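Reading through the structure tokens given below for one structure.
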Amino acid sequence: MRRATPTAGLALALFAAMTATLAGTAASAAPAPVAAAPALAAAAPDISVTNVQAHLTQLNSIATSNGGTRRAGSAGYTASVAYVKSKLQAAGYTVTEQTCTTCTYPASNLIAEWPQGPADQVIMFGAHLDSVSAGPGINDNGSGSATLLENALVLASQHPTMTKRVRFAWWNGEEQGLQGSKYYVGQLSSTQKSYIKAYYNFDMVASPNGGYFINRVTSTTAAPLKAYWDSFNLQPEENTEGQGRSDDYSFANAGIQTSGYASGASYTKTSAQAGKWGGTAGAAYDSCYHKSCDTTSNINATILNRSADGVAYTIWQLAVGTGTPTDDFSVAVSPTSGSVARGGSTTTTVSTATTSGSAQTVSLSATGAPSGVTVSFSPSSVTSGGSATMTVSASSTAATGTYAITVTGTGSVTHSATYSLTVTGAGGCTGGQIIANSSFESGSAPWSATAGVITSSSSQPARTGSYKAWLDGYGSSHTDTLSQSVTLPAGCGSYTLAFWLHIDTSETTSSIAYDKLTVQVGGVTLATYSNLNKAAGYTQRTFDLAGYAGQTVTLKWTGVEDASLQTSFVIDDVTLQVG
């Protein structure tokens, strides 16, 4: 990748004060002394390298339990995502899994945003979470992933005042060509791209014979990263080895300013570098690069520690304000609207989040309900960051029409959200089976499906009749979908989704889910099946959809198959019985 020369026009205003400081430092012939580091980073927390290494131990254990790898799309990668996600959700982050459908191995990018600071002023930090097939990938790139995870957890625990929004990302498919980050950037609108004021990438930051490298080291974006390492007199160099080879390239191609730390991969350490950084001249920065020996034994704790603390310094310089933050929270309802028949009830979720300072107790209440309608919460109060179920019940004489219900959360301050309720005059329940063409014998309508999914092919027999929905079975990278939109009547006592599923596979593993079928309702995942669930015949699967009463939702099955060995997901006799 050809790197454009940074200019003043490209500089971010938020770095201006730092640039002036660095200009003054550069005028001095003598390098900054090592002792300057504590004073420089006084405002930023010290990131425990022991905690970072504990995350690395977990990632290594995940790989060991899943064939020695955390390759994109593998069970090891899925478990890595789950580990990082659980930590972030517990800390209060807004966490999103984004499936990269164009990746060689479709799997999740993990995006975590700290819900404080202006949403149109984002500082983003990313690292790829996948390894190569050959090994567990602890330096490449558990080191970058664990560094960002611990920084995210410390930021959450500190609850500082935020002047910018901080977003973390862990990428899928980097080892196949930066696929996850490329997909993420490609899904952003031009406005969303403009919100990202800088992207920082961390790919291998603990190489055992490593050095101190910075992407675009002379750029304004790199200034806080460089300032921290300069305080140790480390004399960092440009990351020439990593140019165009990691996820910052996806952002740079979209016109977003980038930088990041690296400690080197397969390139050879020079005598001059060994002289100023230590280590062995004439040897690779990481002799276990892309090998099975890239384990927790393949880590330089000193470089890892300085990288983790440099990230914290950068976050505090760019996105953290001074002073004690005010305790504050937000309130939201999901879904934001619903309907209820006389004599029936419906539910929605009320969620809260700590947006500033510390968590607090939030009491929930509602106003605006019409005559004959009651609103209750379980629980009636939550700690900000928690959720409650709101139940709306209508009597047989409730006033019909559409009403705005105001849901209020009261703590040290008060916030509210609006729920649109429609009360209908139809009491009771109109029961029955509401899936149309449930056995696929009447063609494709009203189903929406990938071409060839609804078929009478004798290669996979239907459970009943001649037709069924056959997803995947190609033995190559492939994605099939099947969906139908249905309206669930309100006021019924039961809502049971059922379908018969047959899974046939040529995969021989008993531990790795290579090919997957996801079942969703209204975008919420009900279950995931894989080649590990293969069976000789059809098995009925059932789900309770009572939570969607009175709503129109889309039922969707998505089959994703990897590059080799077929798995067929065959579905027949889909029913949604209400009564």
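Quick note on naming: the chains in the structure tokens go A, B, ... in the order shown, residues restart at 1 in each chain, and ligands are numbered from 1 in order of appearance.
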
Practice item. May I have the residues within 12 Å of A:Gly357 as a ChimeraX atom specification, using only C-alpha atoms and disregarding those fewer than 5 positions away in the same chain? Key: /A:115-117,155-162,323-329,384,412

Do a neighbour search on A:Ser448 at 12 Å with only C-alpha atoms, toss out local chain neighbours closer than 5 positions, and write the hits as a CSV table (one decimal) with N, CA, C and O atoms, in the first residue's frame.
chain,number,residue,atom,x,y,z
A,436,ALA,N,-48.2,-20.4,6.3
A,436,ALA,CA,-48.7,-20.7,5.0
A,436,ALA,C,-47.8,-21.6,4.2
A,436,ALA,O,-46.6,-21.5,4.3
A,437,ASN,N,-48.3,-22.6,3.4
A,437,ASN,CA,-47.5,-23.5,2.6
A,437,ASN,C,-46.5,-24.2,3.5
A,437,ASN,O,-45.3,-24.2,3.2
A,440,PHE,N,-44.4,-26.9,1.9
A,440,PHE,CA,-43.7,-26.5,0.7
A,440,PHE,C,-44.3,-27.2,-0.6
A,440,PHE,O,-43.7,-27.1,-1.6
A,443,GLY,N,-45.5,-24.8,-4.0
A,443,GLY,CA,-44.5,-23.9,-4.7
A,443,GLY,C,-43.7,-23.1,-3.6
A,443,GLY,O,-43.6,-23.6,-2.5
A,453,VAL,N,-33.6,-23.8,-3.1
A,453,VAL,CA,-33.8,-24.3,-1.7
A,453,VAL,C,-35.1,-25.1,-1.6
A,453,VAL,O,-35.1,-26.2,-1.0
A,454,ILE,N,-36.2,-24.6,-2.1
A,454,ILE,CA,-37.5,-25.4,-2.1
A,454,ILE,C,-37.5,-26.3,-3.3
A,454,ILE,O,-37.5,-25.8,-4.4
A,469,ALA,N,-37.5,-27.9,2.1
A,469,ALA,CA,-36.5,-26.8,2.0
A,469,ALA,C,-35.1,-27.4,2.3
A,469,ALA,O,-34.9,-27.9,3.4
A,480,ASP,N,-27.4,-20.2,2.2
A,480,ASP,CA,-28.8,-20.3,1.8
A,480,ASP,C,-29.7,-19.7,2.9
A,480,ASP,O,-29.3,-19.8,4.1
A,481,THR,N,-30.8,-19.2,2.5
A,481,THR,CA,-31.8,-18.6,3.4
A,481,THR,C,-33.2,-19.1,3.1
A,481,THR,O,-33.5,-19.3,1.9
A,482,LEU,N,-34.0,-19.1,4.1
A,482,LEU,CA,-35.4,-19.4,4.0
A,482,LEU,C,-36.2,-18.6,5.0
A,482,LEU,O,-35.8,-18.5,6.1
A,483,SER,N,-37.2,-17.9,4.6
A,483,SER,CA,-37.9,-17.0,5.5
A,483,SER,C,-39.4,-16.9,5.1
A,483,SER,O,-39.8,-17.0,4.0
A,484,GLN,N,-40.2,-16.5,6.1
A,484,GLN,CA,-41.6,-16.2,5.9
A,484,GLN,C,-42.0,-15.2,7.0
A,484,GLN,O,-41.7,-15.4,8.2
A,485,SER,N,-42.8,-14.2,6.6
A,485,SER,CA,-43.3,-13.2,7.6
A,485,SER,C,-44.7,-13.6,8.0
A,485,SER,O,-45.5,-14.0,7.2
A,554,THR,N,-40.5,-11.9,11.2
A,554,THR,CA,-40.0,-12.8,10.1
A,554,THR,C,-39.3,-14.0,10.7
A,554,THR,O,-38.4,-13.8,11.5
A,555,LEU,N,-39.7,-15.2,10.3
A,555,LEU,CA,-39.0,-16.4,10.7
A,555,LEU,C,-38.0,-16.7,9.6
A,555,LEU,O,-38.3,-16.6,8.4
A,556,LYS,N,-36.8,-16.9,10.1
A,556,LYS,CA,-35.7,-17.1,9.1
A,556,LYS,C,-34.7,-18.2,9.5
A,556,LYS,O,-34.3,-18.3,10.6
A,557,TRP,N,-34.4,-19.0,8.5
A,557,TRP,CA,-33.3,-20.0,8.6
A,557,TRP,C,-32.2,-19.7,7.7
A,557,TRP,O,-32.4,-19.4,6.5
A,558,THR,N,-31.0,-19.6,8.2
A,558,THR,CA,-29.8,-19.3,7.4
A,558,THR,C,-28.8,-20.4,7.5
A,558,THR,O,-28.3,-20.7,8.6

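Picture a line from atom CA of A:Ala369 to atom CA of A:Ile405; it runs 5.9 Å.
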
Review point. If you run DSSP on this backbone, which residues of stretch 122-190 of chain A come out as alpha helix (DSSP H), and could you give them as an MDAnalysis selection string?
Key: chainID A and resid 143:158 179:186 190

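Closest approach to A:Gly432 from the set A:Ala223, A:Leu517, A:Leu576, A:Ala498 is made by A:Leu576, with distances taken over only C-alpha atoms.
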
Exercise for review: From a DSSP calculation on the backbone, collect every residue of stretch 371-447 of chain A in strand (DSSP E) and output the set as an MDAnalysis selection string.
Suggested key: chainID A and resid 373:378 381:383 387:394 401:410 414:424 432:433

Hey, which bits of stretch 43-130 of chain A sit within 10 Å of stretch 508-516 of chain A, and for each residue what's the closest pair of atoms and how far apart in Å (one decimal), counting only C-alpha atoms, rows by chain and increasing number, as JSON lines?
{"residue": "A:Ser65", "atom": "CA", "partner": "A:Ser511", "partner_atom": "CA", "distance": 9.2}
{"residue": "A:Asn66", "atom": "CA", "partner": "A:Ile512", "partner_atom": "CA", "distance": 7.0}
{"residue": "A:Gly67", "atom": "CA", "partner": "A:Ile512", "partner_atom": "CA", "distance": 8.2}
{"residue": "A:Gly73", "atom": "CA", "partner": "A:Tyr514", "partner_atom": "CA", "distance": 7.0}
{"residue": "A:Ser74", "atom": "CA", "partner": "A:Tyr514", "partner_atom": "CA", "distance": 6.3}
{"residue": "A:Ala75", "atom": "CA", "partner": "A:Ile512", "partner_atom": "CA", "distance": 5.4}
{"residue": "A:Gly76", "atom": "CA", "partner": "A:Ile512", "partner_atom": "CA", "distance": 8.3}
{"residue": "A:Thr78", "atom": "CA", "partner": "A:Ala513", "partner_atom": "CA", "distance": 9.4}
{"residue": "A:Tyr105", "atom": "CA", "partner": "A:Tyr514", "partner_atom": "CA", "distance": 8.9}
{"residue": "A:Pro106", "atom": "CA", "partner": "A:Asp515", "partner_atom": "CA", "distance": 9.8}

Atoms to include: N, CA, C and O atoms. Write the selected residues as a PDB file, in the first residue's frame.
ATOM      1  N   SER A  65      -8.484 -26.751  23.255  1.00  0.00           N
ATOM      2  CA  SER A  65      -9.723 -27.529  23.318  1.00  0.00           C
ATOM      3  C   SER A  65     -10.399 -27.676  21.961  1.00  0.00           C
ATOM      4  O   SER A  65     -11.399 -28.384  21.842  1.00  0.00           O
ATOM      5  N   ASN A  66      -9.884 -26.997  20.947  1.00  0.00           N
ATOM      6  CA  ASN A  66     -10.537 -26.997  19.637  1.00  0.00           C
ATOM      7  C   ASN A  66      -9.542 -27.253  18.509  1.00  0.00           C
ATOM      8  O   ASN A  66      -9.458 -26.504  17.532  1.00  0.00           O
ATOM      9  N   GLY A  67      -8.766 -28.322  18.662  1.00  0.00           N
ATOM     10  CA  GLY A  67      -7.878 -28.744  17.591  1.00  0.00           C
ATOM     11  C   GLY A  67      -6.620 -27.917  17.439  1.00  0.00           C
ATOM     12  O   GLY A  67      -5.957 -27.976  16.395  1.00  0.00           O
ATOM     13  N   GLY A  73     -13.980 -18.935  11.576  1.00  0.00           N
ATOM     14  CA  GLY A  73     -15.002 -19.910  11.231  1.00  0.00           C
ATOM     15  C   GLY A  73     -14.928 -21.211  12.000  1.00  0.00           C
ATOM     16  O   GLY A  73     -15.834 -22.034  11.904  1.00  0.00           O
ATOM     17  N   SER A  74     -13.867 -21.425  12.773  1.00  0.00           N
ATOM     18  CA  SER A  74     -13.716 -22.675  13.514  1.00  0.00           C
ATOM     19  C   SER A  74     -14.387 -22.553  14.883  1.00  0.00           C
ATOM     20  O   SER A  74     -14.755 -21.466  15.332  1.00  0.00           O
ATOM     21  N   ALA A  75     -14.516 -23.700  15.556  1.00  0.00           N
ATOM     22  CA  ALA A  75     -15.071 -23.684  16.907  1.00  0.00           C
ATOM     23  C   ALA A  75     -14.171 -22.885  17.854  1.00  0.00           C
ATOM     24  O   ALA A  75     -14.658 -22.251  18.797  1.00  0.00           O
ATOM     25  N   GLY A  76     -12.862 -22.914  17.606  1.00  0.00           N
ATOM     26  CA  GLY A  76     -11.943 -22.134  18.422  1.00  0.00           C
ATOM     27  C   GLY A  76     -12.174 -20.642  18.279  1.00  0.00           C
ATOM     28  O   GLY A  76     -12.073 -19.887  19.248  1.00  0.00           O
ATOM     29  N   THR A  78     -15.128 -19.254  17.349  1.00  0.00           N
ATOM     30  CA  THR A  78     -16.427 -18.994  17.971  1.00  0.00           C
ATOM     31  C   THR A  78     -16.295 -18.882  19.483  1.00  0.00           C
ATOM     32  O   THR A  78     -16.896 -17.999  20.112  1.00  0.00           O
ATOM     33  N   TYR A 105     -14.638 -17.745   5.663  1.00  0.00           N
ATOM     34  CA  TYR A 105     -15.289 -18.468   6.760  1.00  0.00           C
ATOM     35  C   TYR A 105     -16.240 -17.498   7.450  1.00  0.00           C
ATOM     36  O   TYR A 105     -15.843 -16.752   8.343  1.00  0.00           O
ATOM     37  N   PRO A 106     -17.527 -17.451   7.017  1.00  0.00           N
ATOM     38  CA  PRO A 106     -18.471 -16.502   7.620  1.00  0.00           C
ATOM     39  C   PRO A 106     -18.540 -16.675   9.134  1.00  0.00           C
ATOM     40  O   PRO A 106     -18.822 -17.750   9.632  1.00  0.00           O
TER      41      PRO A 106
END

Check your understanding: If we count only C-alpha atoms, what is near A:Thr464 at a cut-off of 10 Å, once residues fewer than 3 positions away on the same chain are taken out, given as a PyMOL selection string?
Key -> chain A and resi 439-441+461+467-468+572-573

Kindly save the residues from that selection, with all heavy atoms included, as a tab-separated table (two decimals), in the first residue's frame.
chain	number	residue	atom	x	y	z
A	439	SER	N	-45.68	-27.16	4.26
A	439	SER	CA	-44.93	-28.33	3.80
A	439	SER	C	-44.31	-28.12	2.43
A	439	SER	O	-43.81	-29.08	1.82
A	439	SER	CB	-45.85	-29.57	3.78
A	439	SER	OG	-46.29	-29.88	5.08
A	440	PHE	N	-44.36	-26.89	1.93
A	440	PHE	CA	-43.72	-26.49	0.67
A	440	PHE	C	-44.31	-27.18	-0.57
A	440	PHE	O	-43.72	-27.12	-1.64
A	440	PHE	CB	-42.19	-26.77	0.72
A	440	PHE	CG	-41.52	-26.22	1.94
A	440	PHE	CD1	-41.15	-27.05	2.99
A	440	PHE	CD2	-41.28	-24.86	2.07
A	440	PHE	CE1	-40.54	-26.54	4.14
A	440	PHE	CE2	-40.66	-24.34	3.20
A	440	PHE	CZ	-40.30	-25.18	4.23
A	441	GLU	N	-45.50	-27.76	-0.44
A	441	GLU	CA	-46.08	-28.49	-1.57
A	441	GLU	C	-46.74	-27.57	-2.58
A	441	GLU	O	-47.06	-27.99	-3.68
A	441	GLU	CB	-47.10	-29.52	-1.05
A	441	GLU	CG	-46.53	-30.56	-0.11
A	441	GLU	CD	-45.45	-31.41	-0.75
A	441	GLU	OE1	-45.58	-31.75	-1.93
A	441	GLU	OE2	-44.46	-31.72	-0.06
A	461	PRO	N	-34.84	-36.84	0.70
A	461	PRO	CA	-36.29	-37.03	0.71
A	461	PRO	C	-37.00	-36.06	1.65
A	461	PRO	O	-36.46	-35.65	2.68
A	461	PRO	CB	-36.45	-38.47	1.20
A	461	PRO	CG	-35.21	-38.73	1.99
A	461	PRO	CD	-34.12	-37.97	1.30
A	467	TYR	N	-42.08	-32.13	-1.54
A	467	TYR	CA	-41.24	-30.95	-1.45
A	467	TYR	C	-40.75	-30.72	-0.02
A	467	TYR	O	-41.39	-31.12	0.96
A	467	TYR	CB	-42.02	-29.71	-1.92
A	467	TYR	CG	-42.16	-29.63	-3.42
A	467	TYR	CD1	-43.15	-30.34	-4.08
A	467	TYR	CD2	-41.29	-28.85	-4.18
A	467	TYR	CE1	-43.29	-30.27	-5.46
A	467	TYR	CE2	-41.41	-28.77	-5.56
A	467	TYR	CZ	-42.41	-29.49	-6.19
A	467	TYR	OH	-42.53	-29.42	-7.55
A	468	LYS	N	-39.63	-30.06	0.08
A	468	LYS	CA	-39.04	-29.66	1.35
A	468	LYS	C	-38.10	-28.48	1.06
A	468	LYS	O	-37.90	-28.10	-0.10
A	468	LYS	CB	-38.25	-30.79	2.03
A	468	LYS	CG	-36.95	-31.19	1.29
A	468	LYS	CD	-37.23	-32.09	0.13
A	468	LYS	CE	-35.96	-32.39	-0.68
A	468	LYS	NZ	-36.28	-33.24	-1.84
A	572	ASP	N	-38.74	-29.47	6.85
A	572	ASP	CA	-40.07	-29.79	6.33
A	572	ASP	C	-41.11	-29.60	7.42
A	572	ASP	O	-40.78	-29.57	8.62
A	572	ASP	CB	-40.10	-31.24	5.83
A	572	ASP	CG	-41.18	-31.47	4.76
A	572	ASP	OD1	-41.95	-30.52	4.49
A	572	ASP	OD2	-41.23	-32.57	4.20
A	573	ASP	N	-42.36	-29.41	6.99
A	573	ASP	CA	-43.52	-29.34	7.89
A	573	ASP	C	-43.33	-28.30	9.00
A	573	ASP	O	-43.26	-28.61	10.19
A	573	ASP	CB	-43.80	-30.71	8.51
A	573	ASP	CG	-44.12	-31.76	7.44
A	573	ASP	OD1	-44.75	-31.38	6.43
A	573	ASP	OD2	-43.72	-32.92	7.59

Review point. Which residue out of A:Gln192, A:Thr57, A:Thr50, A:Ser568 has the minimum interatomic distance to A:Ala254 when only C-alpha atoms are used?
Key: A:Gln192

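Look at A:Asp120: the protein and nucleic acid residues within 10 Å of it, using only C-alpha atoms and passing over chain neighbours fewer than 5 places away, are A:Lys164, A:Arg165, A:Thr191, A:Gln192, A:Lys193, A:Ser194, A:Tyr195, A:Ile196, A:Lys197.
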
File dump, residues just selected, N, CA, C and O atoms, as a PDB file, in the first residue's frame:
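Written output follows (selection-v6.pdb):
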ATOM      1  N   LYS A 164     -14.940  11.938  23.832  1.00  0.00           N
ATOM      2  CA  LYS A 164     -15.133  11.260  22.555  1.00  0.00           C
ATOM      3  C   LYS A 164     -15.749   9.887  22.837  1.00  0.00           C
ATOM      4  O   LYS A 164     -15.658   9.357  23.945  1.00  0.00           O
ATOM      5  N   ARG A 165     -16.347   9.302  21.838  1.00  0.00           N
ATOM      6  CA  ARG A 165     -16.886   7.940  21.940  1.00  0.00           C
ATOM      7  C   ARG A 165     -15.757   6.953  21.607  1.00  0.00           C
ATOM      8  O   ARG A 165     -15.036   7.131  20.621  1.00  0.00           O
ATOM      9  N   THR A 191     -21.676   8.888   6.140  1.00  0.00           N
ATOM     10  CA  THR A 191     -21.803   9.638   7.391  1.00  0.00           C
ATOM     11  C   THR A 191     -21.160   8.875   8.539  1.00  0.00           C
ATOM     12  O   THR A 191     -20.433   9.446   9.356  1.00  0.00           O
ATOM     13  N   GLN A 192     -21.414   7.575   8.616  1.00  0.00           N
ATOM     14  CA  GLN A 192     -20.822   6.762   9.683  1.00  0.00           C
ATOM     15  C   GLN A 192     -19.301   6.740   9.584  1.00  0.00           C
ATOM     16  O   GLN A 192     -18.612   6.760  10.610  1.00  0.00           O
ATOM     17  N   LYS A 193     -18.771   6.699   8.385  1.00  0.00           N
ATOM     18  CA  LYS A 193     -17.315   6.758   8.216  1.00  0.00           C
ATOM     19  C   LYS A 193     -16.773   8.091   8.723  1.00  0.00           C
ATOM     20  O   LYS A 193     -15.703   8.141   9.348  1.00  0.00           O
ATOM     21  N   SER A 194     -17.511   9.159   8.460  1.00  0.00           N
ATOM     22  CA  SER A 194     -17.025  10.486   8.874  1.00  0.00           C
ATOM     23  C   SER A 194     -16.998  10.635  10.390  1.00  0.00           C
ATOM     24  O   SER A 194     -16.256  11.462  10.919  1.00  0.00           O
ATOM     25  N   TYR A 195     -17.802   9.824  11.097  1.00  0.00           N
ATOM     26  CA  TYR A 195     -17.800   9.878  12.559  1.00  0.00           C
ATOM     27  C   TYR A 195     -16.501   9.323  13.142  1.00  0.00           C
ATOM     28  O   TYR A 195     -16.116   9.685  14.251  1.00  0.00           O
ATOM     29  N   ILE A 196     -15.841   8.416  12.436  1.00  0.00           N
ATOM     30  CA  ILE A 196     -14.626   7.780  12.956  1.00  0.00           C
ATOM     31  C   ILE A 196     -13.446   8.709  12.704  1.00  0.00           C
ATOM     32  O   ILE A 196     -12.978   8.861  11.571  1.00  0.00           O
ATOM     33  N   LYS A 197     -12.950   9.322  13.745  1.00  0.00           N
ATOM     34  CA  LYS A 197     -11.894  10.328  13.608  1.00  0.00           C
ATOM     35  C   LYS A 197     -10.506   9.705  13.565  1.00  0.00           C
ATOM     36  O   LYS A 197      -9.565  10.337  13.078  1.00  0.00           O
TER      37      LYS A 197
END

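In this model, the gap between atom CA of A:Asn139 and atom CA of A:Lys87 comes to 20.4 Å.
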
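Candidate residues A:Thr408, A:Ser494, A:Thr240, A:Thr505 were compared for distance to A:Tyr474, and the nearest is A:Thr505, using only C-alpha atoms.
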
Review point. Neighbours of A:Ala308 within 7 Å (only C-alpha atoms; same-chain residues fewer than 4 positions away dropped), as a ChimeraX atom specification?
Key: /A:47,147,304,312

How would the residues just chosen look if you wrote them out with all heavy atoms as a PDB file, in the first residue's frame?
ATOM      1  N   ILE A  47      -2.230  -0.471  32.997  1.00  0.00           N
ATOM      2  CA  ILE A  47      -2.889  -1.700  32.570  1.00  0.00           C
ATOM      3  C   ILE A  47      -2.060  -2.878  33.062  1.00  0.00           C
ATOM      4  O   ILE A  47      -0.876  -2.983  32.741  1.00  0.00           O
ATOM      5  CB  ILE A  47      -3.039  -1.754  31.042  1.00  0.00           C
ATOM      6  CG1 ILE A  47      -3.799  -0.524  30.532  1.00  0.00           C
ATOM      7  CG2 ILE A  47      -3.751  -3.029  30.619  1.00  0.00           C
ATOM      8  CD1 ILE A  47      -5.190  -0.372  31.091  1.00  0.00           C
ATOM      9  N   THR A 147      -4.809  -7.199  24.665  1.00  0.00           N
ATOM     10  CA  THR A 147      -4.461  -5.826  25.035  1.00  0.00           C
ATOM     11  C   THR A 147      -5.683  -4.921  24.969  1.00  0.00           C
ATOM     12  O   THR A 147      -5.946  -4.130  25.893  1.00  0.00           O
ATOM     13  CB  THR A 147      -3.363  -5.300  24.102  1.00  0.00           C
ATOM     14  OG1 THR A 147      -2.141  -5.996  24.381  1.00  0.00           O
ATOM     15  CG2 THR A 147      -3.139  -3.809  24.274  1.00  0.00           C
ATOM     16  N   LEU A 304       4.670  -6.297  25.621  1.00  0.00           N
ATOM     17  CA  LEU A 304       3.223  -6.388  25.830  1.00  0.00           C
ATOM     18  C   LEU A 304       2.766  -5.344  26.835  1.00  0.00           C
ATOM     19  O   LEU A 304       1.759  -4.655  26.630  1.00  0.00           O
ATOM     20  CB  LEU A 304       2.873  -7.791  26.319  1.00  0.00           C
ATOM     21  CG  LEU A 304       1.385  -8.078  26.562  1.00  0.00           C
ATOM     22  CD1 LEU A 304       0.604  -8.024  25.262  1.00  0.00           C
ATOM     23  CD2 LEU A 304       1.213  -9.443  27.233  1.00  0.00           C
ATOM     24  N   ALA A 312      -3.735   2.660  26.694  1.00  0.00           N
ATOM     25  CA  ALA A 312      -4.456   3.406  27.731  1.00  0.00           C
ATOM     26  C   ALA A 312      -4.123   4.888  27.673  1.00  0.00           C
ATOM     27  O   ALA A 312      -5.009   5.749  27.780  1.00  0.00           O
ATOM     28  CB  ALA A 312      -4.117   2.838  29.110  1.00  0.00           C
TER      29      ALA A 312
END
